[in-house]
Amino acid sequence: MLLPRIIPCLLIHKGGLVKTIKFENPKYLGDPINAVKIFNEKEVDELIVLDIDASVNNSEPSYGVISKLASECTMPLCYGGGIKTKEQAKKIISLGVEKIAISSAAIYDTSIITEISKELGRQSVVVSLDIRKTRSLSGDRYEICSHNASQVHNLDLMSFIRLAEEAGAGEILINSIDCDGLMSGYDISLAKQVKKELSIPMTFLGGAGSFEHIQSLIQECGIIGAAAGSLFVFKGKYKAVLINYPETGRKIKIFDSMVV
Amino acid sequence: MISIVDYGLGNVEAFLTIYKRLGFEANLAKTESDLSLATKIILPGVGAFDHAIQLLNQSGMREAIETLVLKDKVPILGVCVGMQMMASSSDEGVLPGLGLIPGRVRSFYSNKNASNLPLPHMGWNNINPKSGEPLFVEIEKNARFYFLHSYYFESSEPSNETANVFYGFDFSCSVSAGNIHGVQFHPEKSHHFGSQLLKNFAKI
């Protein structure tokens with residue numbers, strides 16, 4: 001049986017591994033390669049690495065870093081940050097990355113999704129969206145943001161993800177800005193709404209603070225990717241930096257809770 | 001020497017890292033001469049079928065690989081698109097495959113048992129190897145491997161299937177014909193399960 005995926009998400013800022021809260025105040029945690037080595041030992045399902053500087057600085061992806069990460073990973077790797085062209089995507093895949101995540105480039109023009117997908121195959125193309133919830137008199141709305149939440153796009157989320165899927169995306173990664181780093185649980189209502197719209201896999205990120213949070217997400221959404229940052233790099237009330245991941249037994253318990 | 005064909009696609013470095021850890025000699029083959037010491041060949045692949053075939057043709061290594069595999073019977077392992085390239089043809093492209101294992105690569109989208117499931121087939125799935133297959137020695141029952149694909153190998157010879165997996169229906173995730181082997185999943189990204197399979201291949 002195909003299993004849900006429990007995925008640590010690592011953020012890279014100025015070459016180091018960091019963790020943010022609501023996309024702000026990056027806290028330095030250590031060396032990304034060391035973290036990958038520990039996650040290898042823990043046999044994690046997949047790893048997402050996002051360079052949070054590249055798009056903001058309008059710089060090229062750091063191919064040297066990507067190549068090191070990819071050859072170290074014994075688990076599948078999804079890399080995002082600064083990818084704007086098909087050539088960049090191809091180069092990253094050739095370095096041994098399984099999936100590339102595009103965000104702002106896809107938001108500006110979905111034809112980039114089609115272009116990359118045609119050449120690399122849909123399975124390697126992830127469209128990553130940073131989502132902020134806004135409250136107004138007419139009810140809750142979700143806006144699509146980019147460039148570390150500094151830019152807001154005037155797009156309807158549900159229409160856009162359908163468009164991205166039609167354009168050739170193989171997976172949608174939703175990153176909830178409001179929940180980032182708070183460790184108080186996922187926005188499960190958003191996850192369910194997005195999942196309902198899609199016939200491609202979805203990974204949901206933002207807010208996980210315990211294995212119970214992951215379990216609730218999987219219970220509600222079924223086979224999806226449950227990603228988390230803080231949960232897998234911090235331990236305890238004072239957020240000591242400690243890489244951790246559920247043991248096989250704990251994982252089975254989480255998966256068993258799923259309604260098939 | 002285990003030669004990993006580096007024609008511009010796939011996780012060549014990941015294979016190299018694993019074989020180093022396991023203590024086997026391995027090299028990356030970028031040109032025909034890099035294959036001169038090959039006693040095993042790994043053909044990796046990520047991406048679309050035609051693109052992969054084109055890159056392999058352009059690499060100038062195709063003929064050498066065919067000679068090694070067909071004439072000298074050097075064992076070869078195709079991985080993901082590397083496995084699919086071993087078929088005669090694919091729904092995904094117009095170019096002919098290498099034709100090393102008779103079969104056609106089919107799309108999940110045109111299979112009614114899978115077309116209503118989330119696609120691509122992405123993530124860890126439990127496989128069912130046939131007993132006694134050398135590739136699956138010492139791999140525990142219910143072992144899980146990582147899959148990432150929208151197309152699957154449909155073998156013309158059912159007896160070539162060495163493992164299957166269920167996603168809406170059972171399909172071949174491992175095929176073997178003599179010295180020629182192919183796996184749909186990514187052993188290089190499947191932790192100790194994959195590492196054991198790569199060790200098994202090295203010992204064939």
# chains A, B, ... in the order shown; residues from 1 in each chain; ligands from 1
$ residues_around --residues "range 77-84 of chain B" --least-positions-apart "6" --cutoff "7 Å" --atoms "only C-alpha atoms" --output "JSON, numbers by chain"
{"B": [41, 42, 43, 44, 45, 46, 47, 49, 105, 153, 180, 181, 182, 183, 184, 185, 186]}
$ write_last_selection --atoms "N, CA and C atoms" --output "compact mmCIF listing (two decimals), in the first residue's frame"
# COMPACT_ATOMS: atom_id res chain seq x y z
N ILE B 41 26.77 -2.72 -14.75
CA ILE B 41 26.39 -1.39 -15.25
C ILE B 41 25.09 -0.95 -14.59
N ILE B 42 25.06 0.30 -14.18
CA ILE B 42 23.80 0.87 -13.68
C ILE B 42 23.37 1.98 -14.62
N LEU B 43 22.11 1.89 -15.07
CA LEU B 43 21.55 2.90 -15.97
C LEU B 43 20.45 3.64 -15.21
N PRO B 44 20.78 4.79 -14.64
CA PRO B 44 19.77 5.53 -13.88
C PRO B 44 18.89 6.36 -14.81
N GLY B 45 17.99 7.12 -14.24
CA GLY B 45 17.18 7.99 -15.08
C GLY B 45 16.09 8.68 -14.30
N VAL B 46 15.91 9.96 -14.62
CA VAL B 46 14.79 10.74 -14.09
C VAL B 46 14.32 11.53 -15.28
N GLY B 47 13.02 11.68 -15.43
CA GLY B 47 12.55 12.56 -16.49
C GLY B 47 11.72 11.85 -17.53
N PHE B 49 10.76 10.05 -21.14
CA PHE B 49 11.32 8.92 -21.92
C PHE B 49 12.18 9.38 -23.10
N VAL B 105 6.04 0.66 -22.14
CA VAL B 105 5.80 1.51 -20.99
C VAL B 105 4.45 2.18 -21.15
N PHE B 153 6.04 -0.12 -16.39
CA PHE B 153 6.54 -1.12 -17.35
C PHE B 153 5.54 -2.25 -17.47
N ILE B 180 19.89 -8.93 -17.59
CA ILE B 180 19.31 -7.59 -17.69
C ILE B 180 18.22 -7.41 -16.62
N HIS B 181 18.36 -6.37 -15.81
CA HIS B 181 17.43 -6.13 -14.71
C HIS B 181 16.94 -4.69 -14.74
N GLY B 182 15.71 -4.48 -14.30
CA GLY B 182 15.20 -3.11 -14.21
C GLY B 182 14.28 -2.98 -13.00
N VAL B 183 14.40 -1.87 -12.30
CA VAL B 183 13.48 -1.59 -11.18
C VAL B 183 12.86 -0.21 -11.36
N GLN B 184 11.57 -0.12 -11.10
CA GLN B 184 10.86 1.14 -11.26
C GLN B 184 11.14 2.11 -10.10
N PHE B 185 11.32 1.53 -8.91
CA PHE B 185 11.54 2.38 -7.73
C PHE B 185 12.99 2.87 -7.70
N HIS B 186 13.29 3.71 -6.73
CA HIS B 186 14.64 4.28 -6.62
C HIS B 186 15.40 3.61 -5.47
$ interface_residues --of "chain B" --to "chain A" --cutoff "8 Å" --atoms "only C-alpha atoms" --output "PyMOL selection string"
chain B and resi 8-14+17+46-48+51+116-120+122-126+146+148-150+166-167+188-191
$ select_by_dssp --residues "range 36-201 of chain B" --states "strand (DSSP E)" --output "VMD selection string"
chain B and resid 40 to 43 76 to 79 89 to 90 103 to 107 121 to 129 144 to 149 151 to 155 161 to 166 170 to 177 180 to 183
$ select_by_dssp --residues "range 12-222 of chain A" --states "alpha helix (DSSP H)" --output "count of residues only"
76
$ residues_around --residues "Phe171 in chain B" --least-positions-apart "5" --cutoff "10 Å" --atoms "only C-alpha atoms" --output "PDB file with N, CA and C atoms, in the first residue's frame"
ATOM      1  N   TYR B 152       4.414   3.082 -16.196  1.00  0.00           N
ATOM      2  CA  TYR B 152       4.880   1.819 -15.621  1.00  0.00           C
ATOM      3  C   TYR B 152       5.228   0.832 -16.723  1.00  0.00           C
ATOM      4  N   PHE B 153       6.043  -0.122 -16.393  1.00  0.00           N
ATOM      5  CA  PHE B 153       6.544  -1.116 -17.350  1.00  0.00           C
ATOM      6  C   PHE B 153       5.536  -2.254 -17.471  1.00  0.00           C
ATOM      7  N   GLU B 154       5.073  -2.490 -18.705  1.00  0.00           N
ATOM      8  CA  GLU B 154       4.181  -3.632 -18.926  1.00  0.00           C
ATOM      9  C   GLU B 154       4.969  -4.667 -19.709  1.00  0.00           C
ATOM     10  N   SER B 155       5.337  -5.731 -19.014  1.00  0.00           N
ATOM     11  CA  SER B 155       6.196  -6.747 -19.609  1.00  0.00           C
ATOM     12  C   SER B 155       5.397  -7.611 -20.577  1.00  0.00           C
ATOM     13  N   GLU B 161       8.737 -10.781 -14.739  1.00  0.00           N
ATOM     14  CA  GLU B 161       8.463  -9.985 -13.536  1.00  0.00           C
ATOM     15  C   GLU B 161       9.143 -10.619 -12.326  1.00  0.00           C
ATOM     16  N   ALA B 163       9.208  -8.684  -9.219  1.00  0.00           N
ATOM     17  CA  ALA B 163       8.481  -8.118  -8.069  1.00  0.00           C
ATOM     18  C   ALA B 163       7.350  -7.271  -8.613  1.00  0.00           C
ATOM     19  N   ASN B 164       6.249  -7.242  -7.845  1.00  0.00           N
ATOM     20  CA  ASN B 164       5.181  -6.323  -8.233  1.00  0.00           C
ATOM     21  C   ASN B 164       4.793  -5.463  -7.052  1.00  0.00           C
ATOM     22  N   VAL B 165       3.929  -4.482  -7.329  1.00  0.00           N
ATOM     23  CA  VAL B 165       3.509  -3.539  -6.311  1.00  0.00           C
ATOM     24  C   VAL B 165       2.089  -3.119  -6.655  1.00  0.00           C
ATOM     25  N   PHE B 166       1.329  -2.737  -5.633  1.00  0.00           N
ATOM     26  CA  PHE B 166      -0.075  -2.372  -5.861  1.00  0.00           C
ATOM     27  C   PHE B 166      -0.280  -0.869  -5.783  1.00  0.00           C
TER      28      PHE B 166
END
$ residues_around --residues "Pro134 in chain B" --least-positions-apart "6" --cutoff "12 Å" --atoms "only C-alpha atoms" --output "ChimeraX atom specification"
/B:162-163,174-176,178-179,181,196-204
$ write_last_selection --atoms "N, CA and C atoms" --output "mmCIF file, in the first residue's frame"
data_model
loop_
_atom_site.group_PDB
_atom_site.id
_atom_site.type_symbol
_atom_site.label_atom_id
_atom_site.label_comp_id
_atom_site.auth_asym_id
_atom_site.auth_seq_id
_atom_site.Cartn_x
_atom_site.Cartn_y
_atom_site.Cartn_z
ATOM 1 N N THR B 162 9.902 -9.829 -11.567
ATOM 2 C CA THR B 162 10.541 -10.381 -10.365
ATOM 3 C C THR B 162 9.974 -9.769 -9.083
ATOM 4 N N ALA B 163 9.208 -8.684 -9.219
ATOM 5 C CA ALA B 163 8.481 -8.118 -8.069
ATOM 6 C C ALA B 163 7.350 -7.271 -8.613
ATOM 7 N N SER B 174 9.735 -4.662 -10.844
ATOM 8 C CA SER B 174 11.073 -5.201 -11.079
ATOM 9 C C SER B 174 10.958 -6.282 -12.144
ATOM 10 N N VAL B 175 11.799 -6.194 -13.154
ATOM 11 C CA VAL B 175 11.805 -7.215 -14.215
ATOM 12 C C VAL B 175 13.244 -7.663 -14.452
ATOM 13 N N SER B 176 13.393 -8.928 -14.827
ATOM 14 C CA SER B 176 14.721 -9.455 -15.141
ATOM 15 C C SER B 176 14.623 -10.382 -16.333
ATOM 16 N N GLY B 178 17.585 -12.701 -17.876
ATOM 17 C CA GLY B 178 19.008 -13.067 -17.883
ATOM 18 C C GLY B 178 19.834 -12.066 -17.102
ATOM 19 N N ASN B 179 20.812 -11.457 -17.765
ATOM 20 C CA ASN B 179 21.704 -10.497 -17.091
ATOM 21 C C ASN B 179 21.118 -9.081 -17.057
ATOM 22 N N HIS B 181 18.364 -6.369 -15.806
ATOM 23 C CA HIS B 181 17.429 -6.132 -14.706
ATOM 24 C C HIS B 181 16.939 -4.687 -14.741
ATOM 25 N N GLN B 196 20.517 -2.584 0.305
ATOM 26 C CA GLN B 196 20.630 -4.046 0.233
ATOM 27 C C GLN B 196 20.452 -4.524 -1.214
ATOM 28 N N LEU B 197 19.479 -3.919 -1.917
ATOM 29 C CA LEU B 197 19.240 -4.321 -3.305
ATOM 30 C C LEU B 197 20.471 -4.011 -4.170
ATOM 31 N N LEU B 198 21.077 -2.848 -3.939
ATOM 32 C CA LEU B 198 22.260 -2.481 -4.733
ATOM 33 C C LEU B 198 23.435 -3.398 -4.406
ATOM 34 N N LYS B 199 23.515 -3.809 -3.140
ATOM 35 C CA LYS B 199 24.530 -4.774 -2.741
ATOM 36 C C LYS B 199 24.276 -6.114 -3.454
ATOM 37 N N ASN B 200 23.010 -6.536 -3.469
ATOM 38 C CA ASN B 200 22.661 -7.789 -4.147
ATOM 39 C C ASN B 200 23.050 -7.732 -5.622
ATOM 40 N N PHE B 201 22.770 -6.585 -6.243
ATOM 41 C CA PHE B 201 23.110 -6.458 -7.666
ATOM 42 C C PHE B 201 24.634 -6.556 -7.856
ATOM 43 N N ALA B 202 25.364 -5.926 -6.966
ATOM 44 C CA ALA B 202 26.823 -5.948 -7.076
ATOM 45 C C ALA B 202 27.373 -7.364 -6.961
ATOM 46 N N LYS B 203 26.647 -8.225 -6.242
ATOM 47 C CA LYS B 203 27.132 -9.594 -6.005
ATOM 48 C C LYS B 203 26.653 -10.606 -7.040
ATOM 49 N N ILE B 204 25.758 -10.186 -7.928
ATOM 50 C CA ILE B 204 25.215 -11.109 -8.936
ATOM 51 C C ILE B 204 26.347 -11.672 -9.803
#
$ closest_residue --among "A:Lys22, A:Lys235, A:Lys133, A:Lys253" --to "Ser189 in chain A" --atoms "only C-alpha atoms"
A:Lys133
$ residues_around --residues "Ser146 in chain A" --least-positions-apart "2" --cutoff "10 Å" --atoms "only C-alpha atoms" --output "PyMOL selection string"
chain A and resi 55-56+103-105+107+128-131+144+148-153
$ closest_residue --among "A:Val125, A:Leu242, A:Ile7, A:Leu205" --to "Asn175 in chain A" --atoms "only C-alpha atoms"
A:Leu205
$ residues_around --residues "Ser230 in chain A" --least-positions-apart "4" --cutoff "8 Å" --atoms "only C-alpha atoms" --output "number ranges by chain"
A: 19, 181, 183, 208-209, 234
$ write_last_selection --atoms "N, CA and C atoms" --output "PDB file, in the first residue's frame"
ATOM      1  N   LYS A  19      15.611  28.323  10.982  1.00  0.00           N
ATOM      2  CA  LYS A  19      14.173  28.132  11.130  1.00  0.00           C
ATOM      3  C   LYS A  19      13.546  29.506  11.415  1.00  0.00           C
ATOM      4  N   GLY A 181       6.315  27.966  12.168  1.00  0.00           N
ATOM      5  CA  GLY A 181       7.134  28.079  13.377  1.00  0.00           C
ATOM      6  C   GLY A 181       6.366  28.122  14.683  1.00  0.00           C
ATOM      7  N   MET A 183       4.208  25.881  15.844  1.00  0.00           N
ATOM      8  CA  MET A 183       4.117  24.522  16.401  1.00  0.00           C
ATOM      9  C   MET A 183       2.789  24.273  17.125  1.00  0.00           C
ATOM     10  N   ALA A 208       3.168  22.178  12.371  1.00  0.00           N
ATOM     11  CA  ALA A 208       3.263  20.942  13.147  1.00  0.00           C
ATOM     12  C   ALA A 208       4.159  21.147  14.365  1.00  0.00           C
ATOM     13  N   GLY A 209       3.656  20.750  15.540  1.00  0.00           N
ATOM     14  CA  GLY A 209       4.432  20.875  16.759  1.00  0.00           C
ATOM     15  C   GLY A 209       4.538  19.555  17.495  1.00  0.00           C
ATOM     16  N   PHE A 234      13.754  20.973  16.608  1.00  0.00           N
ATOM     17  CA  PHE A 234      13.745  21.456  17.995  1.00  0.00           C
ATOM     18  C   PHE A 234      13.224  20.372  18.923  1.00  0.00           C
TER      19      PHE A 234
END
